[in-house]
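Participant: PDB, C-alpha atoms, file coords.pdb:
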```
ATOM      1  CA  MET A 683      10.014 -32.439  -3.773
ATOM      2  CA  THR A 684       7.908 -29.785  -5.461
ATOM      3  CA  GLY A 685       4.890 -29.829  -3.175
ATOM      4  CA  LEU A 686       2.697 -30.265  -6.251
ATOM      5  CA  PRO A 687       0.143 -33.029  -6.682
ATOM      6  CA  ASP A 688       1.571 -36.001  -8.601
ATOM      7  CA  ASP A 689      -0.522 -35.215 -11.697
ATOM      8  CA  VAL A 690       0.581 -31.563 -11.970
ATOM      9  CA  THR A 691       3.671 -30.717 -13.992
ATOM     10  CA  PRO A 692       5.293 -27.332 -13.276
ATOM     11  CA  LEU A 693       4.625 -25.031 -16.222
ATOM     12  CA  LEU A 694       6.201 -21.732 -15.167
ATOM     13  CA  LEU A 695       9.929 -21.007 -15.000
ATOM     14  CA  ALA A 696       9.969 -17.609 -13.263
ATOM     15  CA  ILE A 697       8.170 -14.318 -12.857
ATOM     16  CA  ASP A 698       9.297 -12.509 -15.996
ATOM     17  CA  HIS A 699       7.899  -9.041 -15.417
ATOM     18  CA  VAL A 700       5.084  -6.942 -14.019
ATOM     19  CA  GLY A 701       3.291  -4.743 -16.549
ATOM     20  CA  ILE A 702       2.249  -1.210 -15.604
ATOM     21  CA  ALA A 703      -0.120   0.779 -17.829
ATOM     22  CA  VAL A 704       0.965   4.414 -18.089
ATOM     23  CA  PRO A 705      -0.477   7.322 -20.069
ATOM     24  CA  ASP A 706       2.956   8.863 -20.807
ATOM     25  CA  LEU A 707       5.921   6.517 -21.313
ATOM     26  CA  ASP A 708       8.581   9.233 -21.215
ATOM     27  CA  ALA A 709       7.281  10.679 -17.928
ATOM     28  CA  SER A 710       7.072   7.213 -16.407
ATOM     29  CA  ILE A 711      10.603   6.328 -17.521
ATOM     30  CA  ALA A 712      11.860   9.599 -16.023
ATOM     31  CA  PHE A 713      10.164   8.835 -12.676
ATOM     32  CA  HIS A 714      11.521   5.301 -12.470
ATOM     33  CA  ARG A 715      15.012   6.458 -13.514
ATOM     34  CA  ASP A 716      15.323   9.741 -11.615
ATOM     35  CA  VAL A 717      13.419   8.842  -8.447
ATOM     36  CA  LEU A 718      13.844   5.069  -8.109
ATOM     37  CA  GLY A 719      17.198   4.647  -9.864
ATOM     38  CA  LEU A 720      16.040   1.999 -12.344
ATOM     39  CA  VAL A 721      17.489   1.763 -15.853
ATOM     40  CA  VAL A 722      15.878   1.217 -19.242
ATOM     41  CA  LEU A 723      17.017  -2.142 -20.614
ATOM     42  CA  HIS A 724      14.879  -2.202 -23.752
ATOM     43  CA  GLU A 725      12.404   0.108 -25.460
ATOM     44  CA  GLU A 726      10.237  -0.501 -28.525
ATOM     45  CA  THR A 727       6.951   0.173 -30.251
ATOM     46  CA  ASN A 728       4.751  -2.885 -30.743
ATOM     47  CA  GLU A 729       2.132  -1.951 -33.334
ATOM     48  CA  GLU A 730       0.370  -5.331 -33.064
ATOM     49  CA  GLN A 731      -0.206  -4.846 -29.328
ATOM     50  CA  GLY A 732      -0.876  -1.101 -29.754
ATOM     51  CA  VAL A 733       1.796   0.006 -27.281
ATOM     52  CA  ARG A 734       5.020   1.859 -26.858
ATOM     53  CA  GLU A 735       6.879   0.063 -24.107
ATOM     54  CA  ALA A 736      10.012   0.001 -21.998
ATOM     55  CA  MET A 737      11.526  -2.774 -19.911
ATOM     56  CA  ILE A 738      13.223  -1.385 -16.815
ATOM     57  CA  GLY A 739      15.141  -2.957 -13.981
ATOM     58  CA  ALA A 740      17.763  -2.508 -11.337
ATOM     59  CA  ALA A 741      21.204  -1.547 -12.671
ATOM     60  CA  GLY A 742      23.541  -4.522 -12.529
ATOM     61  CA  ALA A 743      20.811  -7.060 -11.712
ATOM     62  CA  PRO A 744      21.621 -10.617 -12.831
ATOM     63  CA  GLU A 745      20.301 -11.787 -16.191
ATOM     64  CA  GLY A 746      16.846 -13.308 -15.801
ATOM     65  CA  SER A 747      15.821 -10.961 -12.979
ATOM     66  CA  THR A 748      12.208  -9.861 -12.806
ATOM     67  CA  LEU A 749      11.608  -6.575 -14.627
ATOM     68  CA  ILE A 750       8.991  -3.845 -14.830
ATOM     69  CA  GLN A 751       7.313  -3.295 -18.205
ATOM     70  CA  LEU A 752       5.920   0.191 -18.769
ATOM     71  CA  LEU A 753       3.142   0.187 -21.371
ATOM     72  CA  ALA A 754       1.778   3.346 -22.990
ATOM     73  CA  PRO A 755      -1.032   3.319 -25.561
ATOM     74  CA  LEU A 756      -0.376   4.183 -29.192
ATOM     75  CA  SER A 757      -4.008   5.172 -29.752
ATOM     76  CA  PRO A 758      -7.244   5.637 -27.803
ATOM     77  CA  GLU A 759      -8.473   2.315 -29.259
ATOM     78  CA  SER A 760      -5.574   0.225 -27.903
ATOM     79  CA  THR A 761      -6.098  -2.317 -25.142
ATOM     80  CA  ILE A 762      -3.843  -0.322 -22.804
ATOM     81  CA  ALA A 763      -5.785   2.913 -23.451
ATOM     82  CA  LYS A 764      -9.028   1.091 -22.646
ATOM     83  CA  PHE A 765      -7.458  -0.344 -19.486
ATOM     84  CA  ILE A 766      -6.360   3.139 -18.361
ATOM     85  CA  ASP A 767      -9.826   4.558 -19.149
ATOM     86  CA  ARG A 768     -11.492   1.782 -17.133
ATOM     87  CA  SER A 769      -9.058   1.345 -14.226
ATOM     88  CA  GLY A 770      -6.625   4.244 -14.350
ATOM     89  CA  PRO A 771      -2.867   3.878 -14.663
ATOM     90  CA  GLY A 772      -1.327   1.059 -12.656
ATOM     91  CA  LEU A 773      -0.637  -2.665 -12.504
ATOM     92  CA  GLN A 774      -2.004  -4.267 -15.658
ATOM     93  CA  GLN A 775      -0.492  -7.777 -15.794
ATOM     94  CA  LEU A 776       1.728 -10.376 -14.176
ATOM     95  CA  ALA A 777       3.951 -12.187 -16.665
ATOM     96  CA  TYR A 778       5.456 -15.636 -16.186
ATOM     97  CA  ARG A 779       8.405 -16.955 -18.204
ATOM     98  CA  VAL A 780       7.757 -20.320 -19.891
ATOM     99  CA  ALA A 781       9.882 -22.620 -22.051
ATOM    100  CA  ASP A 782       7.136 -23.296 -24.638
ATOM    101  CA  VAL A 783       4.167 -20.935 -24.789
ATOM    102  CA  GLU A 784       2.166 -23.277 -27.028
ATOM    103  CA  ALA A 785       2.603 -26.282 -24.715
ATOM    104  CA  VAL A 786       1.771 -24.243 -21.603
ATOM    105  CA  SER A 787      -1.264 -22.709 -23.339
ATOM    106  CA  ALA A 788      -2.502 -26.187 -24.284
ATOM    107  CA  ALA A 789      -1.991 -27.483 -20.729
ATOM    108  CA  LEU A 790      -3.877 -24.538 -19.263
ATOM    109  CA  ARG A 791      -6.735 -25.001 -21.748
ATOM    110  CA  GLU A 792      -6.897 -28.675 -20.687
ATOM    111  CA  ARG A 793      -7.247 -27.416 -17.109
ATOM    112  CA  GLY A 794     -10.224 -25.298 -18.135
ATOM    113  CA  LEU A 795      -8.623 -21.867 -18.453
ATOM    114  CA  ARG A 796      -9.395 -19.484 -21.302
ATOM    115  CA  LEU A 797      -6.562 -17.864 -23.249
ATOM    116  CA  LEU A 798      -7.005 -14.608 -25.111
ATOM    117  CA  TYR A 799      -5.398 -15.778 -28.355
ATOM    118  CA  ASP A 800      -5.711 -19.041 -30.286
ATOM    119  CA  GLY A 801      -1.952 -18.995 -30.874
ATOM    120  CA  PRO A 802       1.071 -17.044 -29.654
ATOM    121  CA  ARG A 803       1.588 -13.406 -30.615
ATOM    122  CA  ARG A 804       4.792 -11.417 -30.889
ATOM    123  CA  GLY A 805       5.872  -9.813 -27.623
ATOM    124  CA  THR A 806       8.744  -7.575 -26.598
ATOM    125  CA  GLY A 807      12.041  -8.263 -28.313
ATOM    126  CA  GLY A 808      10.654 -11.112 -30.399
ATOM    127  CA  SER A 809       9.301 -13.145 -27.488
ATOM    128  CA  ARG A 810       6.169 -15.247 -28.032
ATOM    129  CA  ILE A 811       3.260 -14.475 -25.731
ATOM    130  CA  ASN A 812      -0.295 -15.331 -24.796
ATOM    131  CA  PHE A 813      -2.578 -14.243 -21.963
ATOM    132  CA  VAL A 814      -4.833 -16.119 -19.559
ATOM    133  CA  HIS A 815      -8.232 -14.478 -19.121
ATOM    134  CA  PRO A 816      -8.397 -12.588 -15.810
ATOM    135  CA  LYS A 817     -11.803 -14.103 -15.014
ATOM    136  CA  ASP A 818      -9.996 -17.461 -14.722
ATOM    137  CA  THR A 819      -7.135 -16.188 -12.542
ATOM    138  CA  GLY A 820      -8.818 -14.299  -9.732
ATOM    139  CA  GLY A 821      -8.932 -10.996 -11.599
ATOM    140  CA  VAL A 822      -5.262 -10.884 -12.638
ATOM    141  CA  LEU A 823      -4.296 -10.729 -16.313
ATOM    142  CA  VAL A 824      -1.591 -13.407 -16.571
ATOM    143  CA  GLU A 825       0.843 -13.235 -19.469
ATOM    144  CA  LEU A 826       2.861 -16.233 -20.643
ATOM    145  CA  VAL A 827       6.253 -15.240 -22.119
ATOM    146  CA  GLU A 828       8.493 -17.549 -24.146
ATOM    147  CA  PRO A 829      11.876 -15.869 -24.651
ATOM    148  CA  PRO A 830      13.161 -15.547 -28.214
ATOM    149  CA  VAL A 831      15.578 -18.198 -29.443
ATOM    150  CA  ALA A 832      19.211 -17.132 -29.009
ATOM    151  CA  GLY A 833      20.704 -16.096 -32.325
ATOM    152  CA  SER A 834      17.270 -15.475 -33.875
ATOM    153  CA  GLY A 835      18.254 -11.973 -34.918
ATOM    154  CA  GLU A 836      15.798 -10.467 -32.443
ATOM    155  CA  VAL A 837      16.823  -8.150 -29.651
ATOM    156  CA  GLY A 838      19.465 -10.061 -27.755
ATOM    157  CA  GLY A 839      21.357  -9.862 -24.533
ATOM    158  CA  GLU A 840      20.295  -9.253 -21.024
ATOM    159  CA  HIS A 841      16.558  -9.097 -20.311
ATOM    160  CA  ALA A 842      15.541  -9.145 -23.969
ATOM    161  CA  ALA A 843      12.947 -11.899 -23.526
ATOM    162  CA  HIS A 844       9.944  -9.994 -22.248
ATOM    163  CA  GLY A 845       6.441  -9.683 -23.577
TER     164      GLY A 845
END
```
Could you quickly redo this structure as structure tokens?
Facilitator:
Amino acid sequence: MTGLPDDVTPLLLAIDHVGIAVPDLDASIAFHRDVLGLVVLHEETNEEQGVREAMIGAAGAPEGSTLIQLLAPLSPESTIAKFIDRSGPGLQQLAYRVADVEAVSAALRERGLRLLYDGPRRGTGGSRINFVHPKDTGGVLVELVEPPVAGSGEVGGEHAAHG
């Protein structure tokens, strides 16, 4: 029993991560590591998204655990820089893990939601991502994250499937 109406199929597998916009990635990593005891699990620059980012989590947490994504702008024109200018540093997105980002995007469009991209984009570690417009989700930017296929040559291992 899911508690869902009969005509609603579950689309989301788990909360993948929470994205935090930060002006200085290194300072934010140091805070989360030195004060909170979290560890960096993955770090990369994503030119397409205009960010330098790090995925952090609790040391020894089981694979698939929810992570924190720190996002720092690469330029003043990036989406994250504009977010920080408008809202200040802080929570920027809630990301859900999905099995098929294209199928979930299509289902959400059928339900009347707007997605930011016509098709998936590349996310962290080779994941495929899309976003649901915050005006359709109560003001929260929702990210859909499809993990990369195992053996795809992308970043592998624990927690590598984040957008």
Participant: Quick check, in Å to one decimal: how far apart do CA of His699 (chain A) and CA of Leu773 (chain A) lie?
Facilitator: 11.0 Å
Participant: Taking a cut-off of 12 Å and counting all atoms listed in the file, can you build a table that, for each residue of region 751-775 of chain A near region 710-713 of chain A, reports the nearest atom pair and how far apart they are in Å (one decimal), sorted by chain then residue number, as CSV?
Facilitator:
```
residue,atom,partner,partner_atom,distance
A:Gln751,CA,A:Ile711,CA,10.2
A:Leu752,CA,A:Ser710,CA,7.5
A:Leu753,CA,A:Ser710,CA,9.5
A:Ala754,CA,A:Ser710,CA,9.3
A:Pro771,CA,A:Ser710,CA,10.6
A:Gly772,CA,A:Ser710,CA,11.1
```
Participant: On this file, the PyMOL selection byres ((chain A and resi 819-822) around 10) gives some set of residues; write that set as a PyMOL selection string.
Facilitator: chain A and resi 773-776+795-796+814-818+823-825
Participant: Could you please determine the separation between CA of Pro744 (chain A) and CA of Tyr778 (chain A) in Å, to one decimal place?
Facilitator: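 A separation of 17.3 Å between them.
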Participant: Between region 689-739 of chain A and region 765-768 of chain A, at 12 Å or less, what are the per-residue closest atom pairs and their distances in Å? Count all atoms listed in the file, order by chain and rising residue number, and return it as a tab-separated table.
Facilitator:
```
residue	atom	partner	partner_atom	distance
A:Gly701	CA	A:Phe765	CA	12.0
A:Ile702	CA	A:Ile766	CA	10.0
A:Ala703	CA	A:Ile766	CA	6.7
A:Val704	CA	A:Ile766	CA	7.4
A:Pro705	CA	A:Ile766	CA	7.4
A:Asp706	CA	A:Ile766	CA	11.2
```
Participant: Restricting it to C-alpha atoms, dump the selection as a CSV table (one decimal), in the frame of the given file.
Facilitator:
```csv
chain,number,residue,atom,x,y,z
A,701,GLY,CA,3.3,-4.7,-16.5
A,702,ILE,CA,2.2,-1.2,-15.6
A,703,ALA,CA,-0.1,0.8,-17.8
A,704,VAL,CA,1.0,4.4,-18.1
A,705,PRO,CA,-0.5,7.3,-20.1
A,706,ASP,CA,3.0,8.9,-20.8
```
Participant: Determine, counting only C-alpha atoms, which protein, DNA and RNA residues have an atom within 9 Å of an atom of Thr727 (chain A); residues of the same chain fewer than 3 positions away are not included. Present the result as a list in words.
Facilitator: Gln731, Gly732, Val733, Arg734, Glu735, Ala736, Leu756 and Thr806 of chain A
Participant: Between CA of Val827 (chain A) and CA of Ala777 (chain A), what is the distance in Å, rounded to a tenth?
Facilitator: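 Calculated distance between CA of Val827 (chain A) and CA of Ala777 (chain A) is 6.7 Å.
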Participant: For Ala785 (chain A), which residue among A:Ser757, A:Asn812, A:Ser747, A:Asn728 is the nearest when counting all atoms listed in the file?
Facilitator: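 Result for the nearest residue to Ala785 (chain A): A:Asn812.
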Participant: Any idea what's packed within 10 Å of Gly805 (chain A), counting all atoms listed in the file, ignoring anything in its chain fewer than 3 positions away? Could you give it as a PyMOL selection string?
Facilitator: chain A and resi 728+730-731+802+808-812+826-830+843-845
Participant: Considering all atoms listed in the file, can you say which of A:Asp698, A:Gly746, A:Ala741, A:Gly807 comes closest to His724 (chain A)?
Facilitator: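 Ranking A:Asp698, A:Gly746, A:Ala741, A:Gly807 by distance to His724 (chain A), first place goes to A:Gly807.
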Participant: Name the closest residue to Ser760 (chain A) among the candidates A:Glu784, A:Glu729, A:Glu792, A:Glu745; distances are taken between atoms, counting all atoms listed in the file.
Facilitator: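 Of all the options, A:Glu729 lies closest to Ser760 (chain A).
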